[in-house]
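For reference, model.cif is printed below; it contains mmCIF, N, CA and C atoms.
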data_input
#
loop_
_atom_site.label_atom_id
_atom_site.label_comp_id
_atom_site.auth_asym_id
_atom_site.auth_seq_id
_atom_site.Cartn_x
_atom_site.Cartn_y
_atom_site.Cartn_z
N MET A 203 0.94 -6.88 -13.61
CA MET A 203 1.06 -6.58 -12.18
C MET A 203 -0.31 -6.72 -11.54
N LYS A 204 -0.30 -7.32 -10.34
CA LYS A 204 -1.54 -7.47 -9.58
C LYS A 204 -1.35 -6.79 -8.23
N ILE A 205 -2.32 -5.95 -7.88
CA ILE A 205 -2.28 -5.24 -6.61
C ILE A 205 -3.54 -5.57 -5.81
N ALA A 206 -3.33 -5.99 -4.57
CA ALA A 206 -4.44 -6.23 -3.64
C ALA A 206 -4.71 -4.92 -2.90
N ILE A 207 -5.97 -4.53 -2.80
CA ILE A 207 -6.31 -3.31 -2.10
C ILE A 207 -7.31 -3.60 -0.99
N GLY A 208 -7.27 -2.77 0.04
CA GLY A 208 -8.20 -2.92 1.14
C GLY A 208 -8.33 -1.62 1.90
N ALA A 209 -9.44 -1.48 2.59
CA ALA A 209 -9.71 -0.28 3.37
C ALA A 209 -10.71 -0.60 4.46
N ASP A 210 -10.71 0.24 5.48
CA ASP A 210 -11.79 0.18 6.45
C ASP A 210 -12.84 1.19 6.02
N HIS A 211 -13.85 1.39 6.86
CA HIS A 211 -14.95 2.29 6.52
C HIS A 211 -14.47 3.72 6.30
N GLY A 212 -13.45 4.15 7.04
CA GLY A 212 -12.92 5.51 6.88
C GLY A 212 -12.17 5.71 5.58
N GLY A 213 -11.70 4.64 4.99
CA GLY A 213 -10.95 4.72 3.74
C GLY A 213 -11.68 4.20 2.53
N TYR A 214 -12.94 3.81 2.73
CA TYR A 214 -13.70 3.19 1.64
C TYR A 214 -13.74 4.05 0.38
N GLU A 215 -14.10 5.32 0.51
CA GLU A 215 -14.23 6.17 -0.68
C GLU A 215 -12.91 6.36 -1.40
N MET A 216 -11.82 6.55 -0.66
CA MET A 216 -10.52 6.70 -1.30
C MET A 216 -10.10 5.39 -1.96
N LYS A 217 -10.40 4.26 -1.34
CA LYS A 217 -10.09 2.96 -1.94
C LYS A 217 -10.78 2.81 -3.29
N GLU A 218 -12.01 3.25 -3.36
CA GLU A 218 -12.74 3.17 -4.63
C GLU A 218 -12.05 4.01 -5.69
N SER A 219 -11.56 5.18 -5.32
CA SER A 219 -10.81 6.03 -6.26
C SER A 219 -9.52 5.35 -6.69
N ILE A 220 -8.82 4.75 -5.74
CA ILE A 220 -7.56 4.06 -6.03
C ILE A 220 -7.82 2.90 -6.99
N ARG A 221 -8.86 2.14 -6.74
CA ARG A 221 -9.20 1.02 -7.63
C ARG A 221 -9.39 1.49 -9.06
N LYS A 222 -10.13 2.57 -9.24
CA LYS A 222 -10.39 3.11 -10.58
C LYS A 222 -9.10 3.59 -11.24
N ILE A 223 -8.25 4.26 -10.49
CA ILE A 223 -6.97 4.74 -11.04
C ILE A 223 -6.13 3.56 -11.50
N LEU A 224 -6.04 2.52 -10.67
CA LEU A 224 -5.25 1.34 -11.04
C LEU A 224 -5.82 0.66 -12.28
N GLU A 225 -7.12 0.52 -12.34
CA GLU A 225 -7.75 -0.13 -13.49
C GLU A 225 -7.52 0.68 -14.76
N GLN A 226 -7.50 2.01 -14.66
CA GLN A 226 -7.21 2.86 -15.81
C GLN A 226 -5.78 2.64 -16.33
N ARG A 227 -4.90 2.16 -15.45
CA ARG A 227 -3.52 1.90 -15.82
C ARG A 227 -3.29 0.42 -16.14
N ASP A 228 -4.38 -0.29 -16.37
CA ASP A 228 -4.35 -1.72 -16.72
C ASP A 228 -3.64 -2.58 -15.67
N VAL A 229 -3.80 -2.20 -14.41
CA VAL A 229 -3.28 -2.98 -13.31
C VAL A 229 -4.41 -3.91 -12.85
N GLU A 230 -4.09 -5.17 -12.67
CA GLU A 230 -5.07 -6.11 -12.14
C GLU A 230 -5.26 -5.81 -10.65
N VAL A 231 -6.50 -5.65 -10.24
CA VAL A 231 -6.81 -5.28 -8.86
C VAL A 231 -7.64 -6.38 -8.20
N GLU A 232 -7.22 -6.74 -6.99
CA GLU A 232 -8.03 -7.61 -6.16
C GLU A 232 -8.51 -6.79 -4.98
N ASP A 233 -9.79 -6.49 -4.95
CA ASP A 233 -10.38 -5.65 -3.91
C ASP A 233 -10.85 -6.55 -2.77
N LEU A 234 -10.18 -6.43 -1.63
CA LEU A 234 -10.48 -7.27 -0.48
C LEU A 234 -11.41 -6.59 0.53
N GLY A 235 -12.01 -5.48 0.13
CA GLY A 235 -12.96 -4.79 1.00
C GLY A 235 -12.29 -3.66 1.76
N CYS A 236 -13.10 -3.04 2.56
CA CYS A 236 -14.52 -3.20 2.77
C CYS A 236 -15.28 -2.63 1.57
N TYR A 237 -16.58 -2.87 1.56
CA TYR A 237 -17.37 -2.54 0.38
C TYR A 237 -18.44 -1.49 0.63
N ASN A 238 -18.38 -0.84 1.80
CA ASN A 238 -19.30 0.26 2.10
C ASN A 238 -18.74 1.01 3.31
N THR A 239 -19.50 1.94 3.84
CA THR A 239 -19.01 2.77 4.95
C THR A 239 -19.48 2.27 6.32
N ASP A 240 -19.99 1.05 6.39
CA ASP A 240 -20.34 0.47 7.69
C ASP A 240 -19.07 0.22 8.50
N SER A 241 -19.11 0.47 9.78
CA SER A 241 -17.94 0.35 10.64
C SER A 241 -17.37 -1.07 10.63
N VAL A 242 -16.05 -1.15 10.42
CA VAL A 242 -15.31 -2.42 10.43
C VAL A 242 -13.98 -2.21 11.16
N ASP A 243 -13.25 -3.28 11.38
CA ASP A 243 -11.96 -3.22 12.06
C ASP A 243 -10.83 -3.24 11.03
N TYR A 244 -10.04 -2.16 10.98
CA TYR A 244 -9.00 -2.03 9.97
C TYR A 244 -7.96 -3.16 9.98
N PRO A 245 -7.59 -3.75 11.14
CA PRO A 245 -6.57 -4.81 11.06
C PRO A 245 -6.97 -5.98 10.17
N ASP A 246 -8.26 -6.28 10.11
CA ASP A 246 -8.72 -7.40 9.29
C ASP A 246 -8.33 -7.21 7.83
N TYR A 247 -8.46 -5.99 7.32
CA TYR A 247 -8.17 -5.69 5.92
C TYR A 247 -6.67 -5.58 5.69
N ALA A 248 -5.96 -5.02 6.65
CA ALA A 248 -4.50 -4.93 6.55
C ALA A 248 -3.90 -6.33 6.48
N ILE A 249 -4.38 -7.23 7.31
CA ILE A 249 -3.87 -8.60 7.34
C ILE A 249 -4.19 -9.32 6.03
N ASP A 250 -5.41 -9.15 5.53
CA ASP A 250 -5.79 -9.81 4.28
C ASP A 250 -4.90 -9.36 3.12
N VAL A 251 -4.66 -8.06 3.01
CA VAL A 251 -3.81 -7.55 1.93
C VAL A 251 -2.37 -8.02 2.14
N ALA A 252 -1.87 -7.93 3.36
CA ALA A 252 -0.49 -8.34 3.65
C ALA A 252 -0.28 -9.81 3.31
N ARG A 253 -1.23 -10.64 3.62
CA ARG A 253 -1.09 -12.08 3.33
C ARG A 253 -1.08 -12.36 1.83
N LYS A 254 -1.79 -11.56 1.07
CA LYS A 254 -1.73 -11.72 -0.40
C LYS A 254 -0.31 -11.48 -0.89
N ILE A 255 0.40 -10.56 -0.26
CA ILE A 255 1.79 -10.27 -0.64
C ILE A 255 2.67 -11.45 -0.26
N THR A 256 2.56 -11.91 0.98
CA THR A 256 3.45 -12.97 1.45
C THR A 256 3.16 -14.31 0.78
N GLU A 257 1.94 -14.50 0.35
CA GLU A 257 1.58 -15.73 -0.36
C GLU A 257 1.87 -15.62 -1.86
N ARG A 258 2.37 -14.48 -2.27
CA ARG A 258 2.67 -14.19 -3.67
C ARG A 258 1.44 -14.27 -4.57
N ALA A 259 0.28 -14.00 -3.99
CA ALA A 259 -0.97 -13.94 -4.74
C ALA A 259 -1.19 -12.54 -5.32
N ALA A 260 -0.35 -11.59 -4.88
CA ALA A 260 -0.36 -10.23 -5.42
C ALA A 260 1.07 -9.71 -5.38
N ASP A 261 1.38 -8.82 -6.30
CA ASP A 261 2.72 -8.23 -6.35
C ASP A 261 2.91 -7.16 -5.28
N ASP A 262 1.90 -6.35 -5.11
CA ASP A 262 1.92 -5.25 -4.15
C ASP A 262 0.55 -5.11 -3.51
N GLY A 263 0.49 -4.26 -2.49
CA GLY A 263 -0.76 -3.96 -1.85
C GLY A 263 -0.93 -2.48 -1.65
N MET A 264 -2.16 -2.06 -1.50
CA MET A 264 -2.49 -0.68 -1.15
C MET A 264 -3.61 -0.72 -0.12
N LEU A 265 -3.45 0.09 0.92
CA LEU A 265 -4.40 0.13 2.03
C LEU A 265 -4.80 1.55 2.33
N VAL A 266 -6.01 1.71 2.87
CA VAL A 266 -6.50 3.03 3.27
C VAL A 266 -7.30 2.91 4.56
N CYS A 267 -6.99 3.77 5.51
CA CYS A 267 -7.85 3.98 6.67
C CYS A 267 -7.90 5.48 6.90
N THR A 268 -8.48 5.92 7.96
CA THR A 268 -8.66 7.36 8.16
C THR A 268 -7.33 8.11 8.17
N THR A 269 -6.36 7.64 8.94
CA THR A 269 -5.05 8.32 8.99
C THR A 269 -3.96 7.56 8.25
N GLY A 270 -4.16 6.27 8.03
CA GLY A 270 -3.13 5.42 7.45
C GLY A 270 -2.23 4.79 8.49
N ILE A 271 -2.28 5.28 9.70
CA ILE A 271 -1.38 4.80 10.75
C ILE A 271 -1.72 3.37 11.16
N GLY A 272 -2.97 3.11 11.45
CA GLY A 272 -3.36 1.78 11.90
C GLY A 272 -3.10 0.71 10.85
N MET A 273 -3.43 1.00 9.60
CA MET A 273 -3.18 0.05 8.52
C MET A 273 -1.69 -0.25 8.40
N THR A 274 -0.88 0.78 8.49
CA THR A 274 0.57 0.60 8.39
C THR A 274 1.08 -0.29 9.51
N MET A 275 0.65 0.01 10.73
CA MET A 275 1.10 -0.77 11.88
C MET A 275 0.68 -2.23 11.75
N ALA A 276 -0.57 -2.46 11.37
CA ALA A 276 -1.07 -3.83 11.27
C ALA A 276 -0.38 -4.60 10.15
N ALA A 277 -0.26 -4.00 8.98
CA ALA A 277 0.37 -4.69 7.84
C ALA A 277 1.81 -5.04 8.14
N ASN A 278 2.52 -4.17 8.82
CA ASN A 278 3.93 -4.41 9.12
C ASN A 278 4.15 -5.50 10.16
N LYS A 279 3.10 -6.00 10.77
CA LYS A 279 3.22 -7.13 11.69
C LYS A 279 3.37 -8.45 10.94
N ILE A 280 3.07 -8.45 9.65
CA ILE A 280 3.15 -9.68 8.86
C ILE A 280 4.56 -9.77 8.27
N ALA A 281 5.26 -10.86 8.57
CA ALA A 281 6.62 -11.05 8.09
C ALA A 281 6.67 -10.95 6.57
N GLY A 282 7.63 -10.19 6.08
CA GLY A 282 7.81 -10.02 4.64
C GLY A 282 7.12 -8.81 4.07
N VAL A 283 6.34 -8.13 4.89
CA VAL A 283 5.64 -6.93 4.43
C VAL A 283 6.41 -5.70 4.89
N ARG A 284 6.55 -4.77 3.96
CA ARG A 284 7.15 -3.47 4.26
C ARG A 284 6.15 -2.41 3.78
N ALA A 285 5.25 -2.05 4.68
CA ALA A 285 4.20 -1.08 4.36
C ALA A 285 4.69 0.33 4.67
N ALA A 286 4.39 1.25 3.76
CA ALA A 286 4.83 2.63 3.90
C ALA A 286 3.64 3.58 3.74
N LEU A 287 3.44 4.41 4.73
CA LEU A 287 2.42 5.46 4.69
C LEU A 287 3.03 6.64 3.94
N CYS A 288 2.46 6.96 2.80
CA CYS A 288 3.02 8.01 1.93
C CYS A 288 1.99 9.09 1.66
N VAL A 289 2.37 10.33 1.88
CA VAL A 289 1.47 11.46 1.64
C VAL A 289 1.96 12.36 0.52
N SER A 290 3.00 11.92 -0.19
CA SER A 290 3.50 12.69 -1.34
C SER A 290 4.09 11.73 -2.36
N PRO A 291 4.16 12.14 -3.61
CA PRO A 291 4.78 11.29 -4.62
C PRO A 291 6.24 10.98 -4.30
N ASP A 292 6.96 11.94 -3.74
CA ASP A 292 8.37 11.71 -3.40
C ASP A 292 8.50 10.62 -2.34
N MET A 293 7.61 10.62 -1.36
CA MET A 293 7.64 9.56 -0.34
C MET A 293 7.37 8.20 -0.98
N ALA A 294 6.43 8.13 -1.90
CA ALA A 294 6.12 6.86 -2.57
C ALA A 294 7.33 6.38 -3.37
N LYS A 295 7.97 7.28 -4.07
CA LYS A 295 9.17 6.93 -4.84
C LYS A 295 10.26 6.39 -3.91
N MET A 296 10.54 7.11 -2.84
CA MET A 296 11.62 6.71 -1.93
C MET A 296 11.28 5.40 -1.21
N ALA A 297 10.02 5.20 -0.88
CA ALA A 297 9.61 3.95 -0.23
C ALA A 297 9.93 2.75 -1.13
N ARG A 298 9.74 2.93 -2.42
CA ARG A 298 10.04 1.86 -3.38
C ARG A 298 11.55 1.72 -3.61
N VAL A 299 12.19 2.82 -3.94
CA VAL A 299 13.59 2.81 -4.36
C VAL A 299 14.53 2.45 -3.22
N HIS A 300 14.32 3.03 -2.05
CA HIS A 300 15.23 2.82 -0.93
C HIS A 300 14.80 1.74 0.05
N ASN A 301 13.49 1.55 0.21
CA ASN A 301 13.00 0.65 1.25
C ASN A 301 12.35 -0.62 0.73
N ASN A 302 12.25 -0.75 -0.59
CA ASN A 302 11.62 -1.91 -1.21
C ASN A 302 10.23 -2.17 -0.61
N ALA A 303 9.49 -1.10 -0.38
CA ALA A 303 8.14 -1.22 0.17
C ALA A 303 7.26 -2.00 -0.80
N ASN A 304 6.41 -2.85 -0.24
CA ASN A 304 5.51 -3.63 -1.08
C ASN A 304 4.03 -3.37 -0.76
N VAL A 305 3.78 -2.49 0.20
CA VAL A 305 2.42 -2.05 0.49
C VAL A 305 2.44 -0.53 0.65
N LEU A 306 1.62 0.13 -0.13
CA LEU A 306 1.47 1.58 -0.08
C LEU A 306 0.22 1.90 0.73
N VAL A 307 0.38 2.77 1.73
CA VAL A 307 -0.73 3.09 2.61
C VAL A 307 -1.09 4.57 2.47
N PHE A 308 -2.40 4.83 2.44
CA PHE A 308 -2.96 6.18 2.36
C PHE A 308 -3.80 6.45 3.60
N GLY A 309 -3.88 7.70 3.97
CA GLY A 309 -4.80 8.15 5.00
C GLY A 309 -5.88 8.99 4.35
N ALA A 310 -7.12 8.59 4.49
CA ALA A 310 -8.21 9.31 3.82
C ALA A 310 -8.33 10.75 4.28
N LYS A 311 -7.93 11.03 5.53
CA LYS A 311 -7.98 12.41 6.03
C LYS A 311 -6.61 13.06 6.06
N THR A 312 -5.56 12.32 5.73
CA THR A 312 -4.21 12.89 5.78
C THR A 312 -3.53 12.96 4.42
N THR A 313 -4.03 12.23 3.45
CA THR A 313 -3.48 12.28 2.10
C THR A 313 -4.38 13.16 1.25
N PRO A 314 -3.86 14.28 0.73
CA PRO A 314 -4.69 15.13 -0.12
C PRO A 314 -5.19 14.35 -1.35
N TYR A 315 -6.48 14.44 -1.62
CA TYR A 315 -7.06 13.69 -2.73
C TYR A 315 -6.40 14.02 -4.06
N ASP A 316 -5.96 15.26 -4.23
CA ASP A 316 -5.32 15.62 -5.50
C ASP A 316 -3.94 15.00 -5.65
N LEU A 317 -3.41 14.41 -4.59
CA LEU A 317 -2.11 13.74 -4.67
C LEU A 317 -2.21 12.22 -4.80
N VAL A 318 -3.39 11.67 -4.66
CA VAL A 318 -3.55 10.21 -4.72
C VAL A 318 -3.03 9.68 -6.05
N GLU A 319 -3.47 10.25 -7.14
CA GLU A 319 -3.04 9.76 -8.45
C GLU A 319 -1.53 9.94 -8.67
N PRO A 320 -0.95 11.11 -8.36
CA PRO A 320 0.51 11.22 -8.49
C PRO A 320 1.29 10.29 -7.57
N ILE A 321 0.76 10.02 -6.39
CA ILE A 321 1.41 9.06 -5.48
C ILE A 321 1.40 7.67 -6.10
N ILE A 322 0.27 7.26 -6.62
CA ILE A 322 0.17 5.95 -7.28
C ILE A 322 1.12 5.88 -8.47
N ASP A 323 1.16 6.93 -9.27
CA ASP A 323 2.05 6.94 -10.43
C ASP A 323 3.52 6.84 -10.03
N ALA A 324 3.89 7.53 -8.96
CA ALA A 324 5.28 7.44 -8.48
C ALA A 324 5.58 6.02 -8.00
N TRP A 325 4.62 5.41 -7.32
CA TRP A 325 4.78 4.04 -6.83
C TRP A 325 4.98 3.08 -8.00
N LEU A 326 4.11 3.19 -9.01
CA LEU A 326 4.17 2.27 -10.14
C LEU A 326 5.40 2.47 -11.01
N ALA A 327 5.90 3.69 -11.05
CA ALA A 327 7.03 4.02 -11.94
C ALA A 327 8.39 3.66 -11.36
N ASN A 328 8.44 3.29 -10.09
CA ASN A 328 9.72 3.06 -9.43
C ASN A 328 9.82 1.65 -8.88
N SER A 329 11.05 1.20 -8.73
CA SER A 329 11.32 -0.10 -8.15
C SER A 329 12.59 -0.01 -7.29
N PHE A 330 12.83 -1.05 -6.55
CA PHE A 330 13.93 -1.09 -5.60
C PHE A 330 15.29 -1.03 -6.30
N GLU A 331 16.18 -0.22 -5.76
CA GLU A 331 17.57 -0.17 -6.21
C GLU A 331 18.32 -1.27 -5.48
N SER A 332 18.35 -2.45 -6.06
CA SER A 332 19.00 -3.56 -5.38
C SER A 332 20.52 -3.37 -5.39
N GLY A 333 21.13 -4.00 -4.41
CA GLY A 333 22.58 -3.88 -4.27
C GLY A 333 22.94 -2.68 -3.41
N GLY A 334 24.12 -2.69 -2.88
CA GLY A 334 24.61 -1.55 -2.14
C GLY A 334 23.91 -1.32 -0.82
N ARG A 335 23.95 -0.07 -0.40
CA ARG A 335 23.50 0.29 0.94
C ARG A 335 22.02 0.03 1.17
N HIS A 336 21.18 0.22 0.16
CA HIS A 336 19.75 0.03 0.35
C HIS A 336 19.42 -1.44 0.59
N GLU A 337 20.05 -2.31 -0.16
CA GLU A 337 19.80 -3.74 0.02
C GLU A 337 20.28 -4.19 1.40
N ARG A 338 21.42 -3.69 1.83
CA ARG A 338 21.94 -4.02 3.15
C ARG A 338 20.96 -3.58 4.23
N ARG A 339 20.39 -2.40 4.09
CA ARG A 339 19.46 -1.88 5.10
C ARG A 339 18.14 -2.63 5.10
N VAL A 340 17.63 -2.95 3.93
CA VAL A 340 16.39 -3.72 3.86
C VAL A 340 16.61 -5.11 4.43
N ALA A 341 17.79 -5.68 4.19
CA ALA A 341 18.09 -7.00 4.77
C ALA A 341 18.05 -6.94 6.29
N LYS A 342 18.48 -5.85 6.88
CA LYS A 342 18.43 -5.70 8.34
C LYS A 342 16.98 -5.62 8.82
N ILE A 343 16.14 -4.94 8.06
CA ILE A 343 14.72 -4.88 8.39
C ILE A 343 14.11 -6.28 8.30
N ASN A 344 14.40 -6.97 7.20
CA ASN A 344 13.85 -8.32 6.99
C ASN A 344 14.32 -9.29 8.06
N ALA A 345 15.51 -9.10 8.57
CA ALA A 345 16.03 -9.99 9.62
C ALA A 345 15.22 -9.91 10.90
N LEU A 346 14.44 -8.86 11.06
CA LEU A 346 13.60 -8.71 12.25
C LEU A 346 12.34 -9.57 12.19
N ASP A 347 12.02 -10.09 11.01
CA ASP A 347 10.80 -10.88 10.84
C ASP A 347 10.82 -12.14 11.69
#

Can you give me the file's structure in the form of structure tokens?
Amino acid sequence: MKIAIGADHGGYEMKESIRKILEQRDVEVEDLGCYNTDSVDYPDYAIDVARKITERAADDGMLVCTTGIGMTMAANKIAGVRAALCVSPDMAKMARVHNNANVLVFGAKTTPYDLVEPIIDAWLANSFESGGRHERRVAKINALD
């Protein structure tokens, strides 16, 4: 599995933690920046990660900004991306199982640091329940692209 990650300056430190957690789980990581706490524009990183998903250069993506809201909004503008802002392991599980989310978003000031690792583990441990009502609903979302 390959995961593309990105963050703005507000999410830089959490992104570094996420990268280490993923590497500990033998996940291939492509870090698309940013690489320090100098001010940058979050849409640039959201778009870069989202395009890795749509180009099939990565299986999933993970993004971090201060609240997670901006990254989620920007990533979801790219057709084929279903980014989910998750602040609990249960949200990460449901985003995968019910919504077939392919980008997990964190808020550096809204996601408790002690939940980052359990959120990642829930994300990695679950996959989409294809068929039935969930597939029908995701198809309706995809039709908006």

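In this comparison, which uses only C-alpha atoms, the residue of A:Gly213, A:Gly333, A:Gly282, A:Pro291 approaching Arg253 in chain A most closely is A:Gly282.
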
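All protein, DNA and RNA residues at most 5 Å from (-15.8, 3.6, 7.0) are Asp210, His211, Gly212, Gly213, Thr239 and Asp240 of chain A, using all atoms listed in the file.
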
| request: Enumerate the residues of range 208-333 of chain A with a DSSP assignment of strand (DSSP E), computed from the backbone, and present them as a list in words. | output: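 Listing strand (DSSP E) positions across range 208-333 of chain A yields Gly208, Ala209, Glu230, Val231, Glu232, Asp233, Asp262, Gly263, Met264, Leu265, Val266, Cys267, Ala285, Ala286, Leu287, Val305, Leu306, Val307, Phe308 and Gly309 of chain A.
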
| task | Please indicate the distance in Å from CA of Ile223 in chain A to atom N of Met273 in chain A, rounded to one decimal place. | result |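 A separation of 21.3 Å between them.
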
| the PyMOL selection byres ((chain A and resi 214) around 8) on the file shown: which residues, as a ChimeraX atom specification? | /A:208-213,215-220,235-239,266-268,310

Between range 259-329 of chain A and range 334-346 of chain A, at 7 Å or less, what are the per-residue closest atom pairs and their distances in Å? Count only N, CA and C atoms, order by chain and rising residue number, and return it as CSV.
residue,atom,partner,partner_atom,distance
A:Gly282,N,A:Asn344,CA,6.6
A:Val299,C,A:His336,CA,6.8
A:His300,C,A:His336,CA,5.2
A:Asn301,C,A:Val340,CA,6.0
A:Asn302,N,A:Val340,CA,6.8

| task | Have a look at CA of Asn278 in chain A and CA of Ala252 in chain A and let me know their distance in Å, one decimal. | result | 8.1 Å

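Here the question is which of A:Leu287, A:Ile321, A:Leu306, A:Val242 gets nearest to Ala206 in chain A using only C-alpha atoms, and that residue is A:Leu306.
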
| request: Step by step, work through what the PyMOL selection byres (((chain A and resi 303 and name CA) around 7) and name CA) selects in the shown file, and finish by giving those residues as number ranges by chain. | output: A: 284-286, 297-298, 301-302, 304-305

| request: In Å, rounded to a single decimal, give me how far atom N of Val283 in chain A is from CA of Gln226 in chain A. | output: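 Between CA of Gln226 in chain A and atom N of Val283 in chain A the gap works out to 27.1 Å.
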
| task | Compare A:Leu265, A:Gly272, A:Ile205, A:Ala324 by their minimum atom-to-atom distance to Val231 in chain A, counting all atoms listed in the file, and give me the closest one. | result | A:Ile205

| query | Which residues, protein or nucleic acid, reach to within 8 Å of (1.9, -4.3, -11.5) in the file's coordinates when using only N, CA and C atoms, and can you give that as a list in words? | reply |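 In the file's frame, the residues around the point are Met203, Lys204, Ile205, Asp228, Val229, Glu230, Asp261, Asp262 and Leu326 of chain A.
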
| task | If you run DSSP over the backbone, which residues in chain A end up alpha helix (DSSP H)? Put them as a VMD selection string. | result | chain A and resid 214 to 226 244 to 256 271 to 277 291 to 299 315 to 327 334 to 344

With 6 Å on each side, where is the centre of the axis-aligned box around all listed atoms of range 278-294 of chain A, and how long are its edges in Å to one decimal, as AutoDock Vina command-line options?
--center_x 5.0 --center_y 0.8 --center_z 3.5 --size_x 19.0 --size_y 35.7 --size_z 28.3

| task | Carefully work through the PyMOL selection byres ((chain A and resi 276) around 8) for this structure and note down the residues it includes, as a list in words. | result |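 With the shown file as input, the PyMOL selection byres ((chain A and resi 276) around 8) matches Tyr244, Pro245, Asp246, Tyr247, Ala248, Ile249, Ala252, Gly270, Ile271, Gly272, Met273, Thr274, Met275, Ala277, Asn278, Lys279 and Ile280 of chain A.
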
Please produce a file of the residues just selected, as a compact mmCIF listing (two decimals), in the frame of the given file, where the atoms kept are N, CA and C atoms.
# COMPACT_ATOMS: atom_id res chain seq x y z
N TYR A 244 -10.04 -2.16 10.98
CA TYR A 244 -9.00 -2.03 9.97
C TYR A 244 -7.96 -3.16 9.98
N PRO A 245 -7.59 -3.75 11.14
CA PRO A 245 -6.57 -4.81 11.06
C PRO A 245 -6.97 -5.98 10.17
N ASP A 246 -8.26 -6.28 10.11
CA ASP A 246 -8.72 -7.40 9.29
C ASP A 246 -8.33 -7.21 7.83
N TYR A 247 -8.46 -5.99 7.32
CA TYR A 247 -8.17 -5.69 5.92
C TYR A 247 -6.67 -5.58 5.69
N ALA A 248 -5.96 -5.02 6.65
CA ALA A 248 -4.50 -4.93 6.55
C ALA A 248 -3.90 -6.33 6.48
N ILE A 249 -4.38 -7.23 7.31
CA ILE A 249 -3.87 -8.60 7.34
C ILE A 249 -4.19 -9.32 6.03
N ALA A 252 -1.87 -7.93 3.36
CA ALA A 252 -0.49 -8.34 3.65
C ALA A 252 -0.28 -9.81 3.31
N GLY A 270 -4.16 6.27 8.03
CA GLY A 270 -3.13 5.42 7.45
C GLY A 270 -2.23 4.79 8.49
N ILE A 271 -2.28 5.28 9.70
CA ILE A 271 -1.38 4.80 10.75
C ILE A 271 -1.72 3.37 11.16
N GLY A 272 -2.97 3.11 11.45
CA GLY A 272 -3.36 1.78 11.90
C GLY A 272 -3.10 0.71 10.85
N MET A 273 -3.43 1.00 9.60
CA MET A 273 -3.18 0.05 8.52
C MET A 273 -1.69 -0.25 8.40
N THR A 274 -0.88 0.78 8.49
CA THR A 274 0.57 0.60 8.39
C THR A 274 1.08 -0.29 9.51
N MET A 275 0.65 0.01 10.73
CA MET A 275 1.10 -0.77 11.88
C MET A 275 0.68 -2.23 11.75
N ALA A 277 -0.26 -4.00 8.98
CA ALA A 277 0.37 -4.69 7.84
C ALA A 277 1.81 -5.04 8.14
N ASN A 278 2.52 -4.17 8.82
CA ASN A 278 3.93 -4.41 9.12
C ASN A 278 4.15 -5.50 10.16
N LYS A 279 3.10 -6.00 10.77
CA LYS A 279 3.22 -7.13 11.69
C LYS A 279 3.37 -8.45 10.94
N ILE A 280 3.07 -8.45 9.65
CA ILE A 280 3.15 -9.68 8.86
C ILE A 280 4.56 -9.77 8.27

| query | Pick the closest to Gly263 in chain A from A:Val251, A:Cys288, A:Met296, A:Ala327: which is it, counting all atoms listed in the file? | reply |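 Checking each candidate against Gly263 in chain A, we get A:Val251 as the closest.
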
| query | Hey, which of A:Glu331, A:Asp250, A:Glu257, A:Asp233 ends up closest to Arg221 in chain A? Count only C-alpha atoms. | reply | A:Asp233
